[in-house]
Structure formats: C-alpha cells, structure tokens
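Below is one structure, written out as structure tokens, with a few remarks after it.
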Amino acid sequence: MRRRWRAVVRAALVTTLLAGCGASGGDGDLTDDWPSAVGTRQFSPRSGECHTVAASGDPARYQPVDCASVHLVETFHVGTFTGAEARDAAPPRVGSAAMRSAFGECDIRAKEFVGGDWRGARLSVQVTTGSPAGWRGGGRWFRCDLFELNAVTGANGESDDAVTRTGSLRDAVRRGSPVRFGCMDEDDWGRLLTTACTTPHQFEYAGVWTAPERPYEAAKRDEEAVHRQCRTVIAHFANVPADRMLRYRTGTTFRFPSSEAWTRGDRGVRCYFWSGGRQLTRSIAGGGPAVLPIT
C-alpha cells in the first residue's frame, strides 16, 4: 500500500563560508593581493563549530557559535580535495563526481559522529566548499555540515528545511535523542511524528534502501519497485520472511531524499512500516510473524 505525503516549502540549502584572509582593502583574490605565497594565511573552517546563518564569501562574516546556543548547522568534519580534482581552476560544482566523492566521505564521518546511520533520524548532511577566490589562494577544503530537518513530510521527496536547534548532534542516534526515528503517527497535516511505541500508532521507521545511480525523477518514477525494496527492509527489521507473502504482512511508505539532497549525493530512501490502518501499541522490531501476521 502507498501513502502520499503533502509537500512543504523547501528551504535554500546551507552554503559555505569561504575565502582566504588577505590584505585589508584587497579584492579577495589572494593570487593578486599577495606578491608570493610566502606569508599568506589561508582560511579554513574547523570541525566542532556551529553556525547561525548561511555562509558568506566574506571572511569577516564567518562567526561560529558555541553549539550549546541556538544554531542552524554543525560542522563535524573538514576534508581536503586531492588529486586531479584539486588541480581544477575552481571549486567543484554541486552534483559533480568530486562533490559526490566528498559526500561519501561526509556520509561515513557523519555515521561515526552521530553513532549510527544519520538517516535514522531527522538529519541531513551537506558538503560545502570554499569560494573561487579562496580556491585560487590555495584552499582545497570541503566542510561536512549536519543539520536537523523538519518533520517527515513530502510525497515528492523529503523537505530539505534546516531548523534551528541547541546542542551538538554528537551521538544523537546512539543515545536516542528526540531527532531519532522510531514509532510514528500521522497528524492532521500529513506529517509523520515520532511517538512512544506504547501509544497507538500506524507507522514505524524500519531502515534505508540505497537507490541506484540514476536521474532523480527516473529513480522516483517506479514507485512499486521502491515499495518492494522497502518491504524487504521491513522484513529484515521485523524478522519475517522476505517472500511472496510479505506484501500481505505489511504496508509501506517511503521518503525519498529531496532533489537537493539527491544532487549532493544522497541515495538513501527511508523506509517506513505502515499498518494499513491497524493501531499498534508496540514496536515491530524483531517481532516476527506474530507481530506481522499474513492478513
């Protein structure tokens, strides 16, 4: 069975803070503001910093805050472009092979940072790079940012809205923070909200299916194929056979990454068990056929 979600307004992606520090009054291009590389202090962000606003190309506006205060994004890792991609004349563009490779590194580091798969929570990851001026000045860094998403919404792809928060997301999945998915129910606006598993509910997050490399719209077009893959994810989660009778045990709904997240390199489709209307008061995790009988 398939549920459709209502779309929400998507926020602009969080971009990055850039640039190298140059002489006062310079044009931001380190290659002509300095007669040589000697003495140049190249700007680079640091992991463990949080930020309240989208980034700017002006280094003077790079003002990280304590993660205990209100912020929008958290930088958990800073990597470096190397090899052929580092020899390009400008930073790699979003959607390029270099940026997808950087996203893969951020994906791995994000799992380590939150203590599990970040897709098991209302979280998203984004790679940001320095400015063209900073790149010409020698900056080859990329920044891995983590941000909290709105509630589970969107029939045509999840929202990419970043919401303000307080506190670091370190170990958020491991410690079971409020952003972690679990048993869920739908409100009057079609949003899936986490609830206690002992409270009557119809949905539960089961895991992630990794979609193949293909254009975004093509990946979303074959919904039945996605439901079939998600049923397998649910079977593993609930410990029931992944056979031809599985469709009679469980309904499914899923959440594709937003189109922006897909372009960034995210191929993780979040899969949710749906009871089909029956109210459950326990988790289906490991429950076997007794919890998911053939109906």
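Quick note on naming: the chains in the structure tokens go A, B, ... in the order shown, residues restart at 1 in each chain, and ligands are numbered from 1 in order of appearance.
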(request) Can you pull out every residue within 8 Å of A:Thr82, counting only C-alpha atoms, but drop anything in the same chain fewer than 4 positions away, and send it as JSON, numbers by chain? (result) {"A": [86, 87, 140]}
Can you spit out the residues from that selection as a short mmCIF file (atom, residue, chain, number, x, y, z; two decimals), in the first residue's frame, using N, CA and C atoms?
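File result06.cif, as written:
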data_model
loop_
_atom_site.label_atom_id
_atom_site.label_comp_id
_atom_site.auth_asym_id
_atom_site.auth_seq_id
_atom_site.Cartn_x
_atom_site.Cartn_y
_atom_site.Cartn_z
N ALA A 86 41.79 18.54 -7.35
CA ALA A 86 42.42 19.66 -6.67
C ALA A 86 43.19 20.56 -7.64
N ARG A 87 43.42 20.07 -8.85
CA ARG A 87 44.15 20.87 -9.84
C ARG A 87 43.23 21.69 -10.73
N ARG A 140 41.76 24.08 -0.53
CA ARG A 140 41.19 22.88 -1.15
C ARG A 140 40.29 22.13 -0.17
#
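When the distance limit is 10 Å and only C-alpha atoms are what count, the residues near A:Gly79, minus those fewer than 6 positions from it on the same chain, are Pro45, Arg46, Ser47, Ala102, Glu105, Cys106, Val127, Thr129, Arg140, Trp141, Phe142, Arg143 and Cys144 of chain A.
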Dump as a compact mmCIF listing (two decimals), in the first residue's frame, selection limited to all heavy atoms:
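This is the output file selection-v7.txt:
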# COMPACT_ATOMS: atom_id res chain seq x y z
N PRO A 45 37.86 26.33 7.60
CA PRO A 45 36.94 26.14 8.72
C PRO A 45 37.44 25.03 9.63
O PRO A 45 38.40 24.32 9.29
CB PRO A 45 35.63 25.74 8.05
CG PRO A 45 36.07 25.06 6.80
CD PRO A 45 37.31 25.78 6.35
N ARG A 46 36.79 24.86 10.76
CA ARG A 46 37.20 23.83 11.72
C ARG A 46 36.00 22.98 12.10
O ARG A 46 34.88 23.48 12.20
CB ARG A 46 37.80 24.48 12.97
CG ARG A 46 39.11 25.20 12.73
CD ARG A 46 39.68 25.75 14.02
NE ARG A 46 38.79 26.73 14.64
CZ ARG A 46 39.04 27.34 15.80
NH1 ARG A 46 40.13 27.03 16.49
NH2 ARG A 46 38.20 28.24 16.28
N SER A 47 36.24 21.71 12.32
CA SER A 47 35.17 20.84 12.81
C SER A 47 34.85 21.21 14.25
O SER A 47 35.69 21.77 14.97
CB SER A 47 35.59 19.38 12.72
OG SER A 47 36.72 19.13 13.52
N ALA A 102 33.17 13.62 -2.14
CA ALA A 102 33.27 14.31 -0.85
C ALA A 102 32.07 13.96 0.03
O ALA A 102 32.20 13.76 1.24
CB ALA A 102 33.37 15.81 -1.07
N GLU A 105 32.57 10.72 1.78
CA GLU A 105 33.42 10.85 2.97
C GLU A 105 32.63 11.44 4.13
O GLU A 105 32.73 10.97 5.27
CB GLU A 105 34.62 11.73 2.65
CG GLU A 105 35.58 11.90 3.82
CD GLU A 105 36.84 12.67 3.45
OE1 GLU A 105 37.28 12.58 2.28
OE2 GLU A 105 37.40 13.35 4.34
N CYS A 106 31.82 12.46 3.82
CA CYS A 106 30.99 13.07 4.87
C CYS A 106 29.97 12.09 5.42
O CYS A 106 29.68 12.09 6.63
CB CYS A 106 30.28 14.32 4.33
SG CYS A 106 31.37 15.72 3.98
N VAL A 127 27.72 18.91 1.89
CA VAL A 127 29.11 19.28 1.65
C VAL A 127 29.15 20.72 1.16
O VAL A 127 28.40 21.09 0.26
CB VAL A 127 29.76 18.37 0.59
CG1 VAL A 127 31.23 18.74 0.40
CG2 VAL A 127 29.61 16.92 0.97
N THR A 129 31.94 24.04 0.08
CA THR A 129 33.32 24.31 -0.32
C THR A 129 33.64 25.79 -0.15
O THR A 129 32.77 26.61 0.12
CB THR A 129 33.54 23.93 -1.80
OG1 THR A 129 32.76 24.80 -2.63
CG2 THR A 129 33.15 22.48 -2.05
N ARG A 140 41.76 24.08 -0.53
CA ARG A 140 41.19 22.88 -1.15
C ARG A 140 40.29 22.13 -0.17
O ARG A 140 40.03 20.94 -0.33
CB ARG A 140 42.33 21.95 -1.64
CG ARG A 140 43.16 22.56 -2.78
CD ARG A 140 42.32 22.76 -4.02
NE ARG A 140 43.09 23.26 -5.14
CZ ARG A 140 43.23 24.55 -5.43
NH1 ARG A 140 42.66 25.48 -4.66
NH2 ARG A 140 43.93 24.92 -6.49
N TRP A 141 39.79 22.82 0.83
CA TRP A 141 38.99 22.16 1.86
C TRP A 141 37.54 21.99 1.41
O TRP A 141 37.04 22.70 0.54
CB TRP A 141 39.04 22.95 3.16
CG TRP A 141 38.61 24.39 3.06
CD1 TRP A 141 39.41 25.48 2.89
CD2 TRP A 141 37.27 24.90 3.14
NE1 TRP A 141 38.66 26.63 2.85
CE2 TRP A 141 37.35 26.30 3.01
CE3 TRP A 141 36.02 24.30 3.32
CZ2 TRP A 141 36.21 27.13 3.03
CZ3 TRP A 141 34.89 25.11 3.34
CH2 TRP A 141 34.99 26.51 3.20
N PHE A 142 36.88 21.04 2.04
CA PHE A 142 35.41 20.97 1.99
C PHE A 142 34.92 20.70 3.40
O PHE A 142 35.60 20.09 4.21
CB PHE A 142 34.91 19.91 1.01
CG PHE A 142 35.31 18.49 1.32
CD1 PHE A 142 34.57 17.70 2.20
CD2 PHE A 142 36.43 17.94 0.72
CE1 PHE A 142 34.94 16.40 2.48
CE2 PHE A 142 36.82 16.63 0.99
CZ PHE A 142 36.07 15.86 1.87
N ARG A 143 33.76 21.20 3.66
CA ARG A 143 33.19 21.16 5.00
C ARG A 143 32.01 20.22 5.03
O ARG A 143 31.16 20.25 4.13
CB ARG A 143 32.74 22.57 5.38
CG ARG A 143 32.52 22.81 6.85
CD ARG A 143 32.20 24.29 7.08
NE ARG A 143 30.78 24.57 6.96
CZ ARG A 143 30.25 25.79 7.03
NH1 ARG A 143 31.03 26.84 7.16
NH2 ARG A 143 28.96 25.95 6.94
N CYS A 144 31.92 19.35 6.03
CA CYS A 144 30.78 18.44 6.21
C CYS A 144 29.87 19.03 7.28
O CYS A 144 30.27 19.13 8.45
CB CYS A 144 31.25 17.06 6.63
SG CYS A 144 32.38 16.25 5.46
(message) What's around stretch 118-125 of chain A at 6 Å? Count only C-alpha atoms, leave out sequence neighbours fewer than 5 positions away in its own chain, and write the answer as a ChimeraX atom specification.
(response) /A:111,145-149,179-181
Could the residues in this selection be written to a file with all heavy atoms, as a PDB file, in the first residue's frame?
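So result.pdb came out as:
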ATOM      1  N   LYS A 111      28.096   9.167  10.192  1.00  0.00           N
ATOM      2  CA  LYS A 111      27.671   7.971  10.924  1.00  0.00           C
ATOM      3  C   LYS A 111      28.514   7.795  12.186  1.00  0.00           C
ATOM      4  O   LYS A 111      27.993   7.415  13.245  1.00  0.00           O
ATOM      5  CB  LYS A 111      27.765   6.748  10.022  1.00  0.00           C
ATOM      6  CG  LYS A 111      26.744   6.740   8.897  1.00  0.00           C
ATOM      7  CD  LYS A 111      26.998   5.609   7.908  1.00  0.00           C
ATOM      8  CE  LYS A 111      25.998   5.652   6.764  1.00  0.00           C
ATOM      9  NZ  LYS A 111      26.286   4.645   5.719  1.00  0.00           N
ATOM     10  N   ASP A 145      28.676  19.418   6.885  1.00  0.00           N
ATOM     11  CA  ASP A 145      27.720  20.024   7.802  1.00  0.00           C
ATOM     12  C   ASP A 145      26.539  19.105   8.046  1.00  0.00           C
ATOM     13  O   ASP A 145      26.055  18.427   7.135  1.00  0.00           O
ATOM     14  CB  ASP A 145      27.196  21.353   7.246  1.00  0.00           C
ATOM     15  CG  ASP A 145      28.226  22.459   7.308  1.00  0.00           C
ATOM     16  OD1 ASP A 145      29.208  22.317   8.055  1.00  0.00           O
ATOM     17  OD2 ASP A 145      28.052  23.469   6.598  1.00  0.00           O
ATOM     18  N   LEU A 146      26.071  19.103   9.269  1.00  0.00           N
ATOM     19  CA  LEU A 146      24.923  18.298   9.685  1.00  0.00           C
ATOM     20  C   LEU A 146      23.838  19.243  10.150  1.00  0.00           C
ATOM     21  O   LEU A 146      24.112  20.215  10.862  1.00  0.00           O
ATOM     22  CB  LEU A 146      25.345  17.372  10.823  1.00  0.00           C
ATOM     23  CG  LEU A 146      24.401  16.279  11.304  1.00  0.00           C
ATOM     24  CD1 LEU A 146      24.193  15.226  10.212  1.00  0.00           C
ATOM     25  CD2 LEU A 146      24.968  15.617  12.557  1.00  0.00           C
ATOM     26  N   PHE A 147      22.596  18.989   9.731  1.00  0.00           N
ATOM     27  CA  PHE A 147      21.511  19.843  10.207  1.00  0.00           C
ATOM     28  C   PHE A 147      20.248  19.035  10.443  1.00  0.00           C
ATOM     29  O   PHE A 147      20.052  17.969   9.871  1.00  0.00           O
ATOM     30  CB  PHE A 147      21.251  21.014   9.258  1.00  0.00           C
ATOM     31  CG  PHE A 147      20.930  20.653   7.827  1.00  0.00           C
ATOM     32  CD1 PHE A 147      19.622  20.528   7.394  1.00  0.00           C
ATOM     33  CD2 PHE A 147      21.951  20.470   6.910  1.00  0.00           C
ATOM     34  CE1 PHE A 147      19.325  20.231   6.074  1.00  0.00           C
ATOM     35  CE2 PHE A 147      21.677  20.173   5.579  1.00  0.00           C
ATOM     36  CZ  PHE A 147      20.359  20.048   5.162  1.00  0.00           C
ATOM     37  N   GLU A 148      19.427  19.558  11.327  1.00  0.00           N
ATOM     38  CA  GLU A 148      18.166  18.910  11.697  1.00  0.00           C
ATOM     39  C   GLU A 148      17.089  19.306  10.709  1.00  0.00           C
ATOM     40  O   GLU A 148      16.962  20.469  10.331  1.00  0.00           O
ATOM     41  CB  GLU A 148      17.770  19.316  13.115  1.00  0.00           C
ATOM     42  CG  GLU A 148      16.485  18.657  13.604  1.00  0.00           C
ATOM     43  CD  GLU A 148      16.115  19.057  15.023  1.00  0.00           C
ATOM     44  OE1 GLU A 148      17.012  19.512  15.768  1.00  0.00           O
ATOM     45  OE2 GLU A 148      14.921  18.926  15.383  1.00  0.00           O
ATOM     46  N   LEU A 149      16.287  18.313  10.304  1.00  0.00           N
ATOM     47  CA  LEU A 149      15.198  18.537   9.367  1.00  0.00           C
ATOM     48  C   LEU A 149      13.877  18.774  10.091  1.00  0.00           C
ATOM     49  O   LEU A 149      13.729  18.452  11.263  1.00  0.00           O
ATOM     50  CB  LEU A 149      15.037  17.322   8.445  1.00  0.00           C
ATOM     51  CG  LEU A 149      16.164  17.029   7.468  1.00  0.00           C
ATOM     52  CD1 LEU A 149      15.969  15.637   6.864  1.00  0.00           C
ATOM     53  CD2 LEU A 149      16.210  18.078   6.368  1.00  0.00           C
ATOM     54  N   VAL A 179      15.520  13.524  17.901  1.00  0.00           N
ATOM     55  CA  VAL A 179      15.550  13.549  16.443  1.00  0.00           C
ATOM     56  C   VAL A 179      15.558  12.145  15.846  1.00  0.00           C
ATOM     57  O   VAL A 179      15.343  11.974  14.646  1.00  0.00           O
ATOM     58  CB  VAL A 179      16.780  14.337  15.911  1.00  0.00           C
ATOM     59  CG1 VAL A 179      16.745  15.772  16.389  1.00  0.00           C
ATOM     60  CG2 VAL A 179      18.091  13.664  16.294  1.00  0.00           C
ATOM     61  N   ARG A 180      15.778  11.137  16.670  1.00  0.00           N
ATOM     62  CA  ARG A 180      15.854   9.772  16.166  1.00  0.00           C
ATOM     63  C   ARG A 180      14.466   9.248  15.820  1.00  0.00           C
ATOM     64  O   ARG A 180      13.491   9.459  16.553  1.00  0.00           O
ATOM     65  CB  ARG A 180      16.499   8.870  17.213  1.00  0.00           C
ATOM     66  CG  ARG A 180      16.690   7.433  16.768  1.00  0.00           C
ATOM     67  CD  ARG A 180      17.449   6.644  17.813  1.00  0.00           C
ATOM     68  NE  ARG A 180      17.574   5.243  17.438  1.00  0.00           N
ATOM     69  CZ  ARG A 180      18.252   4.336  18.124  1.00  0.00           C
ATOM     70  NH1 ARG A 180      18.870   4.695  19.237  1.00  0.00           N
ATOM     71  NH2 ARG A 180      18.310   3.093  17.714  1.00  0.00           N
ATOM     72  N   PHE A 181      14.347   8.532  14.696  1.00  0.00           N
ATOM     73  CA  PHE A 181      13.075   7.953  14.282  1.00  0.00           C
ATOM     74  C   PHE A 181      12.768   6.693  15.082  1.00  0.00           C
ATOM     75  O   PHE A 181      13.665   5.991  15.537  1.00  0.00           O
ATOM     76  CB  PHE A 181      13.095   7.582  12.798  1.00  0.00           C
ATOM     77  CG  PHE A 181      13.166   8.750  11.867  1.00  0.00           C
ATOM     78  CD1 PHE A 181      13.971   8.701  10.750  1.00  0.00           C
ATOM     79  CD2 PHE A 181      12.431   9.889  12.098  1.00  0.00           C
ATOM     80  CE1 PHE A 181      14.043   9.766   9.875  1.00  0.00           C
ATOM     81  CE2 PHE A 181      12.485  10.967  11.239  1.00  0.00           C
ATOM     82  CZ  PHE A 181      13.299  10.908  10.116  1.00  0.00           C
TER      83      PHE A 181
END
(message) Could you tell me how far atom CA of A:Asp117 sits from atom CA of A:Arg270, in Å to one decimal place?
(response) 11.0 Å
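Nearest residue to A:Met184, choosing from A:Arg247, A:His77, A:Arg109, A:His201 and counting only C-alpha atoms: A:His201.
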(request) Could you please determine the separation between atom CA of A:Thr52 and atom CA of A:Thr166 in Å, to one decimal place? (result) 10.5 Å
(message) Just list as a VMD selection string whatever in stretch 79-249 of chain A DSSP marks as helix (DSSP H, G or I).
(response) chain A and resid 83 to 87 97 to 114 118 to 120 132 to 136 216 to 221 223 to 238 246 to 248
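In this structure, atom CA of A:Gly287 sits 8.1 Å away from atom CA of A:Val240.
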(request) Can you list, as a VMD selection string, all residues belonging to stretch 53-196 of chain A that DSSP tags as strand (DSSP E or B)? (result) chain A and resid 65 71 73 to 80 121 123 to 129 141 to 149 152 162 165 180 183 to 186 192 to 194
(message) When you look at A:Thr195 with a cut-off of 9 Å (counting only C-alpha atoms), what residues show up, excluding the ones that are within fewer than 2 positions of it in the same chain? I need them as a list in words.
(response) Gly182, Cys183, Met184, Asp185, Leu193, Cys197, Thr198, Thr199, Pro200 and His201 of chain A
Those selected residues, please, written with all heavy atoms and delivered as a PDB file, in the first residue's frame.
ATOM      1  N   GLY A 182      11.484   6.378  15.197  1.00  0.00           N
ATOM      2  CA  GLY A 182      11.041   5.168  15.863  1.00  0.00           C
ATOM      3  C   GLY A 182       9.613   4.887  15.439  1.00  0.00           C
ATOM      4  O   GLY A 182       9.290   4.908  14.248  1.00  0.00           O
ATOM      5  N   CYS A 183       8.742   4.639  16.399  1.00  0.00           N
ATOM      6  CA  CYS A 183       7.322   4.505  16.100  1.00  0.00           C
ATOM      7  C   CYS A 183       6.776   5.899  15.799  1.00  0.00           C
ATOM      8  O   CYS A 183       7.190   6.888  16.400  1.00  0.00           O
ATOM      9  CB  CYS A 183       6.589   3.881  17.284  1.00  0.00           C
ATOM     10  SG  CYS A 183       7.121   2.184  17.630  1.00  0.00           S
ATOM     11  N   MET A 184       5.803   5.952  14.867  1.00  0.00           N
ATOM     12  CA  MET A 184       5.367   7.250  14.381  1.00  0.00           C
ATOM     13  C   MET A 184       3.880   7.214  14.083  1.00  0.00           C
ATOM     14  O   MET A 184       3.294   6.148  13.886  1.00  0.00           O
ATOM     15  CB  MET A 184       6.149   7.640  13.116  1.00  0.00           C
ATOM     16  CG  MET A 184       7.656   7.469  13.266  1.00  0.00           C
ATOM     17  SD  MET A 184       8.613   7.985  11.835  1.00  0.00           S
ATOM     18  CE  MET A 184       8.668   9.755  12.130  1.00  0.00           C
ATOM     19  N   ASP A 185       3.287   8.390  14.058  1.00  0.00           N
ATOM     20  CA  ASP A 185       1.894   8.504  13.652  1.00  0.00           C
ATOM     21  C   ASP A 185       1.719   9.773  12.843  1.00  0.00           C
ATOM     22  O   ASP A 185       2.542  10.691  12.906  1.00  0.00           O
ATOM     23  CB  ASP A 185       0.952   8.488  14.859  1.00  0.00           C
ATOM     24  CG  ASP A 185      -0.339   7.752  14.566  1.00  0.00           C
ATOM     25  OD1 ASP A 185      -0.498   7.234  13.443  1.00  0.00           O
ATOM     26  OD2 ASP A 185      -1.201   7.685  15.458  1.00  0.00           O
ATOM     27  N   LEU A 193       5.070  11.989  12.848  1.00  0.00           N
ATOM     28  CA  LEU A 193       5.707  12.459  14.069  1.00  0.00           C
ATOM     29  C   LEU A 193       6.037  11.272  14.961  1.00  0.00           C
ATOM     30  O   LEU A 193       5.238  10.339  15.109  1.00  0.00           O
ATOM     31  CB  LEU A 193       4.784  13.423  14.815  1.00  0.00           C
ATOM     32  CG  LEU A 193       4.295  14.644  14.023  1.00  0.00           C
ATOM     33  CD1 LEU A 193       3.355  15.481  14.877  1.00  0.00           C
ATOM     34  CD2 LEU A 193       5.462  15.475  13.523  1.00  0.00           C
ATOM     35  N   CYS A 197       6.187   3.948  21.418  1.00  0.00           N
ATOM     36  CA  CYS A 197       5.678   2.740  20.776  1.00  0.00           C
ATOM     37  C   CYS A 197       4.507   2.134  21.535  1.00  0.00           C
ATOM     38  O   CYS A 197       3.745   1.334  20.965  1.00  0.00           O
ATOM     39  CB  CYS A 197       6.798   1.713  20.630  1.00  0.00           C
ATOM     40  SG  CYS A 197       8.030   2.151  19.384  1.00  0.00           S
ATOM     41  N   THR A 198       4.330   2.511  22.801  1.00  0.00           N
ATOM     42  CA  THR A 198       3.189   2.029  23.580  1.00  0.00           C
ATOM     43  C   THR A 198       1.927   2.843  23.305  1.00  0.00           C
ATOM     44  O   THR A 198       0.838   2.467  23.748  1.00  0.00           O
ATOM     45  CB  THR A 198       3.520   2.085  25.080  1.00  0.00           C
ATOM     46  OG1 THR A 198       3.966   3.412  25.413  1.00  0.00           O
ATOM     47  CG2 THR A 198       4.601   1.080  25.426  1.00  0.00           C
ATOM     48  N   THR A 199       2.085   3.942  22.589  1.00  0.00           N
ATOM     49  CA  THR A 199       0.941   4.761  22.182  1.00  0.00           C
ATOM     50  C   THR A 199       0.410   4.235  20.853  1.00  0.00           C
ATOM     51  O   THR A 199       1.194   3.871  19.972  1.00  0.00           O
ATOM     52  CB  THR A 199       1.369   6.232  22.019  1.00  0.00           C
ATOM     53  OG1 THR A 199       1.885   6.711  23.248  1.00  0.00           O
ATOM     54  CG2 THR A 199       0.203   7.091  21.573  1.00  0.00           C
ATOM     55  N   PRO A 200      -0.906   4.153  20.668  1.00  0.00           N
ATOM     56  CA  PRO A 200      -1.433   3.653  19.389  1.00  0.00           C
ATOM     57  C   PRO A 200      -0.844   4.416  18.200  1.00  0.00           C
ATOM     58  O   PRO A 200      -0.833   5.645  18.178  1.00  0.00           O
ATOM     59  CB  PRO A 200      -2.938   3.888  19.523  1.00  0.00           C
ATOM     60  CG  PRO A 200      -3.201   3.812  20.992  1.00  0.00           C
ATOM     61  CD  PRO A 200      -1.996   4.442  21.630  1.00  0.00           C
ATOM     62  N   HIS A 201      -0.337   3.661  17.217  1.00  0.00           N
ATOM     63  CA  HIS A 201       0.306   4.278  16.065  1.00  0.00           C
ATOM     64  C   HIS A 201       0.184   3.339  14.874  1.00  0.00           C
ATOM     65  O   HIS A 201      -0.149   2.158  15.017  1.00  0.00           O
ATOM     66  CB  HIS A 201       1.786   4.556  16.367  1.00  0.00           C
ATOM     67  CG  HIS A 201       2.562   3.320  16.676  1.00  0.00           C
ATOM     68  ND1 HIS A 201       2.621   2.773  17.943  1.00  0.00           N
ATOM     69  CD2 HIS A 201       3.303   2.487  15.869  1.00  0.00           C
ATOM     70  CE1 HIS A 201       3.353   1.681  17.918  1.00  0.00           C
ATOM     71  NE2 HIS A 201       3.779   1.477  16.685  1.00  0.00           N
TER      72      HIS A 201
END
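Between A:Ala238 and the residues A:Ser259, A:Ser283, A:Gln63, A:Ser131, the shortest atom-to-atom distance, using only C-alpha atoms, involves A:Ser283.
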